[in-house]
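J.: Structure incoming, see below.
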Number of protein chains: 2
Amino acid sequence: MAAARAGLTAERITRAAADLADEVGFDNVTVSALARHFGVKDASLYSHVKNLRDLRTRVAVLAAGEMVDLIAAAVAGRSGKDALAAFAGAYRSYALRHPGRYAATQSKVDLAQVADLAPFLRTGELTYGMLRAYDLAEPDLTDAVRLLRSTFHGYTSLEAVGGFQHSRDVDASWDQAIEALHVTLTHWPRANEEDR
Amino acid sequence: MAAARAGLTAERITRAAADLADEVGFDNVTVSALARHFGVKDASLYSHVKNLRDLRTRVAVLAAGEMVDLIAAAVAGRSGKDALAAFAGAYRSYALRHPGRYAATQSKVDLAQVADLAPFLRTGELTYGMLRAYDLAEPDLTDAVRLLRSTFHGYTSLEAVGGFQHSRDVDASWDQAIEALHVTLTHWPRANEEDR
DNA sequence: TGTGCTAGCCTAGTGCTCCTAGGAAGAAAG
DNA sequence: CTTTCTTCCTAGGAGCACTAGGCTAGCACA
């Protein structure tokens, strides 16, 4: 196997790493396994990727981009509660369908080393934009964004590790959580004097 | 260093592993590093601990026990919003003070291999008990528990990986989140007919 | 059509890791 | 004092990340 040239690229390696991550978990992605997948020796990958951390960062950027695209598509044309539900649905769907990629987006990446910051920034813009309908001003707006992100991330990651043992349907709980968040956002307890 | 007998025990090793995890991160805890810490060869640890996964599980149990004790102490004698704030405060405080231990509690452990399940069960009891004041019936109760757990876990883990870049004070956002959760629980959107 | 050059992939090797098998020495029990 | 058990050891295998340096395919250019 392994013709003279295997046609490796940073992109192909990154994509394969992301696929592998979805199968075996993000932390279990190894350079060796990727090399085997391409029918190539370990050392050959280091011409395209600096090291394992670099590879992980690339996967994180790839996943963040895919995810924000899906969320953007889901939210497009909606507002208020519809937008919230669409955002949440796309978010959870991606996280469950691509657990390895999703874990990558949550790994602490050195943002200074990321070439393309756009995917990460766009997620923030989308979230703030979605909240526009709820008419919140700073600092409540940021607090709300943090609450949403926390809930989405917390729920999906607990679900992914099997944290919900109760027999209650996990989808129904999720819908209910969205409902509850909507209520929270519409009856947001405004900050009195502590500002900035 | 390293007299004839170093006095190793599964407990001492587990505790050292937990301390190391808080320093360098849960995934970066190695058997070799622990052996060095005790002035002992790697192989010596395997008389007390089956393997790395077993060690990780032990750390998870240890951490879960510590955490639930602190939360129980904080919640004791309180109810309603006071209890919620105390629970949340103890949870976040432990997670931030002991990031490695906290990560251990969130690692997917094979519950079948856990000798003492009590710590894990007690957390659930505490959460359900805390919600008693809000007068929710199933399945809303379970939904609410899941929402709380998600928010707590999501917030602390995002905070831990540096996910909150905005200049808004992280403690203030947390207080606001608790406030919002309290509002949500008091105005819980009851499920109509979809049940159990 | 030949000649360099530059990728792309290789071999070889280091050091760290987890983990096993089997041996020796201290501690405890008779 | 002897036996036995526990604790820790040496020795070694296999997988992993990563480096240094060599060979060659296939391109650009003459």
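Here's how to read the names in the structure tokens: chain A, B, ... by the order shown, residue numbers from 1 in each chain, ligand numbers from 1 in the order shown.
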Which residues are close to stretch 24-30 of chain D, i.e. within 12 Å by only C-alpha atoms (C1' of nucleotides), leaving aside same-chain residues fewer than 4 positions away? Reply as an MDAnalysis selection string.
T.: (chainID A and resid 3:6) or (chainID C and resid 1:10)
J.: Counting only C-alpha atoms, which residues of chain A fall within 8 Å of chain B, and what is the closest atom pair for each with its distance in Å at one decimal, ordered by chain and rising number, as a Markdown table?
T.:
```
| residue | atom | partner | partner_atom | distance |
| --- | --- | --- | --- | --- |
| A:Gln106 | CA | B:Val161 | CA | 7.9 |
| A:Ser107 | CA | B:Val161 | CA | 7.3 |
| A:Lys108 | CA | B:Val161 | CA | 5.3 |
| A:Pro139 | CA | B:Arg168 | CA | 6.9 |
| A:Thr142 | CA | B:Arg168 | CA | 7.3 |
| A:Asp143 | CA | B:Ser173 | CA | 5.0 |
| A:Ala144 | CA | B:Ala177 | CA | 7.7 |
| A:Arg146 | CA | B:Tyr155 | CA | 7.4 |
| A:Leu147 | CA | B:Ala177 | CA | 6.1 |
| A:Arg149 | CA | B:Gly154 | CA | 7.4 |
| A:Ser150 | CA | B:Gly154 | CA | 4.1 |
| A:Thr151 | CA | B:Thr151 | CA | 4.5 |
| A:Phe152 | CA | B:Gly154 | CA | 7.4 |
| A:His153 | CA | B:Gly154 | CA | 5.3 |
| A:Gly154 | CA | B:Gly154 | CA | 3.7 |
| A:Tyr155 | CA | B:Ser150 | CA | 4.6 |
| A:Leu158 | CA | B:Ser150 | CA | 7.0 |
| A:Val161 | CA | B:Lys108 | CA | 5.3 |
| A:Gly162 | CA | B:Lys108 | CA | 7.3 |
| A:Phe164 | CA | B:Arg146 | CA | 7.6 |
| A:His166 | CA | B:Thr142 | CA | 7.8 |
| A:Ser167 | CA | B:Arg196 | CA | 8.0 |
| A:Arg168 | CA | B:Arg196 | CA | 5.9 |
| A:Asp169 | CA | B:Arg196 | CA | 7.7 |
| A:Ser173 | CA | B:Asp143 | CA | 5.0 |
| A:Trp174 | CA | B:Asp143 | CA | 7.9 |
| A:Gln176 | CA | B:Asp143 | CA | 6.8 |
| A:Ala177 | CA | B:Leu147 | CA | 6.1 |
| A:Glu179 | CA | B:Pro189 | CA | 6.9 |
| A:Ala180 | CA | B:Thr184 | CA | 6.1 |
| A:Leu181 | CA | B:Thr184 | CA | 7.4 |
| A:Val183 | CA | B:Thr184 | CA | 6.7 |
| A:Thr184 | CA | B:Thr184 | CA | 5.5 |
| A:His187 | CA | B:Val183 | CA | 7.8 |
| A:Trp188 | CA | B:Ala180 | CA | 6.6 |
| A:Pro189 | CA | B:Ala180 | CA | 6.3 |
| A:Ala191 | CA | B:Gln176 | CA | 7.8 |
| A:Arg196 | CA | B:Arg168 | CA | 6.6 |
```
J.: Could you please take those selected residues and save N, CA and C atoms as a tab-separated table (two decimals), in the first residue's frame?
T.:
```
chain	number	residue	atom	x	y	z
A	106	GLN	N	-14.49	22.88	22.38
A	106	GLN	CA	-14.50	23.24	23.79
A	106	GLN	C	-13.13	23.08	24.44
A	107	SER	N	-12.17	22.53	23.69
A	107	SER	CA	-10.83	22.42	24.25
A	107	SER	C	-10.22	23.81	24.30
A	108	LYS	N	-9.46	24.03	25.34
A	108	LYS	CA	-8.88	25.38	25.45
A	108	LYS	C	-7.78	25.54	24.40
A	139	PRO	N	-25.21	45.38	31.32
A	139	PRO	CA	-24.50	44.11	31.20
A	139	PRO	C	-25.43	42.90	31.16
A	142	THR	N	-24.80	40.50	28.12
A	142	THR	CA	-23.68	39.58	28.26
A	142	THR	C	-24.00	38.47	29.25
A	143	ASP	N	-24.66	38.84	30.34
A	143	ASP	CA	-25.05	37.81	31.31
A	143	ASP	C	-25.96	36.77	30.67
A	144	ALA	N	-26.88	37.24	29.86
A	144	ALA	CA	-27.81	36.32	29.21
A	144	ALA	C	-27.08	35.42	28.23
A	146	ARG	N	-24.02	34.49	28.40
A	146	ARG	CA	-23.26	33.50	29.17
A	146	ARG	C	-24.18	32.41	29.72
A	147	LEU	N	-25.35	32.79	30.13
A	147	LEU	CA	-26.30	31.80	30.64
A	147	LEU	C	-26.70	30.81	29.54
A	149	ARG	N	-25.07	30.07	26.70
A	149	ARG	CA	-23.93	29.22	26.33
A	149	ARG	C	-23.72	28.14	27.38
A	150	SER	N	-23.81	28.54	28.64
A	150	SER	CA	-23.60	27.57	29.72
A	150	SER	C	-24.61	26.45	29.66
A	151	THR	N	-25.85	26.82	29.47
A	151	THR	CA	-26.90	25.81	29.46
A	151	THR	C	-26.74	24.87	28.27
A	152	PHE	N	-26.52	25.44	27.10
A	152	PHE	CA	-26.36	24.60	25.91
A	152	PHE	C	-25.18	23.66	26.08
A	153	HIS	N	-24.05	24.24	26.45
A	153	HIS	CA	-22.86	23.41	26.59
A	153	HIS	C	-23.02	22.39	27.71
A	154	GLY	N	-23.52	22.84	28.84
A	154	GLY	CA	-23.68	21.94	29.97
A	154	GLY	C	-24.61	20.78	29.64
A	155	TYR	N	-25.74	21.09	29.04
A	155	TYR	CA	-26.70	20.03	28.75
A	155	TYR	C	-26.12	19.01	27.78
A	158	LEU	N	-23.21	16.97	29.35
A	158	LEU	CA	-23.70	15.99	30.33
A	158	LEU	C	-24.41	14.84	29.62
A	161	VAL	N	-21.83	12.39	28.04
A	161	VAL	CA	-21.14	11.45	28.91
A	161	VAL	C	-22.11	10.55	29.67
A	162	GLY	N	-23.37	10.63	29.30
A	162	GLY	CA	-24.35	9.77	29.95
A	162	GLY	C	-24.72	10.21	31.34
A	164	PHE	N	-27.35	11.83	32.31
A	164	PHE	CA	-28.78	11.84	32.63
A	164	PHE	C	-29.30	10.42	32.71
A	166	HIS	N	-31.94	9.32	34.61
A	166	HIS	CA	-33.38	9.20	34.82
A	166	HIS	C	-34.09	8.78	33.54
A	167	SER	N	-35.24	8.14	33.72
A	167	SER	CA	-35.92	7.57	32.55
A	167	SER	C	-36.61	8.65	31.72
A	168	ARG	N	-36.78	9.82	32.27
A	168	ARG	CA	-37.40	10.92	31.54
A	168	ARG	C	-36.69	11.16	30.21
A	169	ASP	N	-37.47	11.34	29.16
A	169	ASP	CA	-36.95	11.51	27.82
A	169	ASP	C	-36.04	12.73	27.73
A	173	SER	N	-36.88	16.90	27.93
A	173	SER	CA	-36.23	17.77	28.91
A	173	SER	C	-35.58	18.96	28.22
A	174	TRP	N	-35.00	18.68	27.07
A	174	TRP	CA	-34.33	19.74	26.32
A	174	TRP	C	-35.36	20.79	25.87
A	176	GLN	N	-38.12	21.45	27.17
A	176	GLN	CA	-38.57	22.16	28.36
A	176	GLN	C	-37.53	23.19	28.81
A	177	ALA	N	-36.26	22.83	28.67
A	177	ALA	CA	-35.20	23.77	29.04
A	177	ALA	C	-35.26	25.01	28.15
A	179	GLU	N	-37.88	26.15	26.66
A	179	GLU	CA	-39.07	26.88	27.11
A	179	GLU	C	-38.72	27.73	28.34
A	180	ALA	N	-38.04	27.09	29.28
A	180	ALA	CA	-37.67	27.79	30.52
A	180	ALA	C	-36.75	28.96	30.22
A	181	LEU	N	-35.81	28.77	29.32
A	181	LEU	CA	-34.88	29.85	28.99
A	181	LEU	C	-35.64	31.02	28.35
A	183	VAL	N	-38.69	31.86	28.93
A	183	VAL	CA	-39.36	32.56	30.04
A	183	VAL	C	-38.36	33.45	30.78
A	184	THR	N	-37.20	32.88	31.03
A	184	THR	CA	-36.17	33.65	31.75
A	184	THR	C	-35.81	34.92	31.00
A	187	HIS	N	-38.58	37.52	31.15
A	187	HIS	CA	-38.74	38.10	32.50
A	187	HIS	C	-37.38	38.28	33.15
A	188	TRP	N	-36.44	38.80	32.41
A	188	TRP	CA	-35.07	38.91	32.92
A	188	TRP	C	-35.02	39.83	34.14
A	189	PRO	N	-34.40	39.34	35.23
A	189	PRO	CA	-34.26	40.17	36.42
A	189	PRO	C	-33.17	41.21	36.21
A	191	ALA	N	-30.42	44.05	36.35
A	191	ALA	CA	-29.46	44.48	37.36
A	191	ALA	C	-29.84	45.89	37.81
A	196	ARG	N	-21.54	48.20	34.16
A	196	ARG	CA	-20.35	47.98	33.32
A	196	ARG	C	-20.59	46.74	32.50
```
J.: Show me a table, sorted first by chain and then by increasing residue number, of the residues of chain A having an atom at most 9 Å from chain C, each with its shortest atom pair and the distance in Å to one decimal, counting only C-alpha atoms (C1' of nucleotides) and written as a tab-separated table.
T.:
```
residue	atom	partner	partner_atom	distance
A:Ala4	CA	C:DC9	C1'	7.4
A:Arg5	CA	C:DG8	C1'	6.7
A:Ala6	CA	C:DC9	C1'	8.4
A:Gly7	CA	C:DG8	C1'	8.3
A:Leu8	CA	C:DG8	C1'	8.4
A:Val40	CA	C:DC9	C1'	7.9
A:Lys41	CA	C:DC10	C1'	7.9
A:Ala43	CA	C:DC9	C1'	8.4
A:Ser44	CA	C:DC9	C1'	5.8
A:Ser47	CA	C:DG8	C1'	8.0
```
J.: Point out the residue among A:Val49, A:Thr9, A:Leu20, A:Leu62 with the least atom-to-atom distance to chain D, counting only C-alpha atoms (C1' of nucleotides).
T.: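 The shortest atom-to-atom distance to chain D comes from A:Val49.
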J.: Write out as a PyMOL selection string the residues lying within 9 Å of B:Met67, counting only C-alpha atoms (C1' of nucleotides) and excluding same-chain residues fewer than 2 positions away.
T.: chain B and resi 62-65+69-72+90-91+94-95+102+119+123
J.: Neighbours of B:Leu52 within 9 Å (only C-alpha atoms (C1' of nucleotides); same-chain residues fewer than 4 positions away dropped), as a PyMOL selection string?
T.: (chain B and resi 30-31+56-57) or (chain C and resi 18)
J.: Please report as JSON lines every residue of chain D lying within 10 Å of chain A, along with the nearest atom pair and their distance in Å (one decimal), using only C-alpha atoms (C1' of nucleotides).
T.:
```
{"residue": "D:DG15", "atom": "C1'", "partner": "A:Ser32", "partner_atom": "CA", "distance": 8.9}
{"residue": "D:DC16", "atom": "C1'", "partner": "A:Ser32", "partner_atom": "CA", "distance": 7.5}
{"residue": "D:DA17", "atom": "C1'", "partner": "A:Val31", "partner_atom": "CA", "distance": 7.8}
{"residue": "D:DC18", "atom": "C1'", "partner": "A:Asn51", "partner_atom": "CA", "distance": 7.9}
{"residue": "D:DT19", "atom": "C1'", "partner": "A:Ala43", "partner_atom": "CA", "distance": 9.0}
{"residue": "D:DT24", "atom": "C1'", "partner": "A:Ala4", "partner_atom": "CA", "distance": 8.9}
{"residue": "D:DA25", "atom": "C1'", "partner": "A:Ala4", "partner_atom": "CA", "distance": 7.5}
```
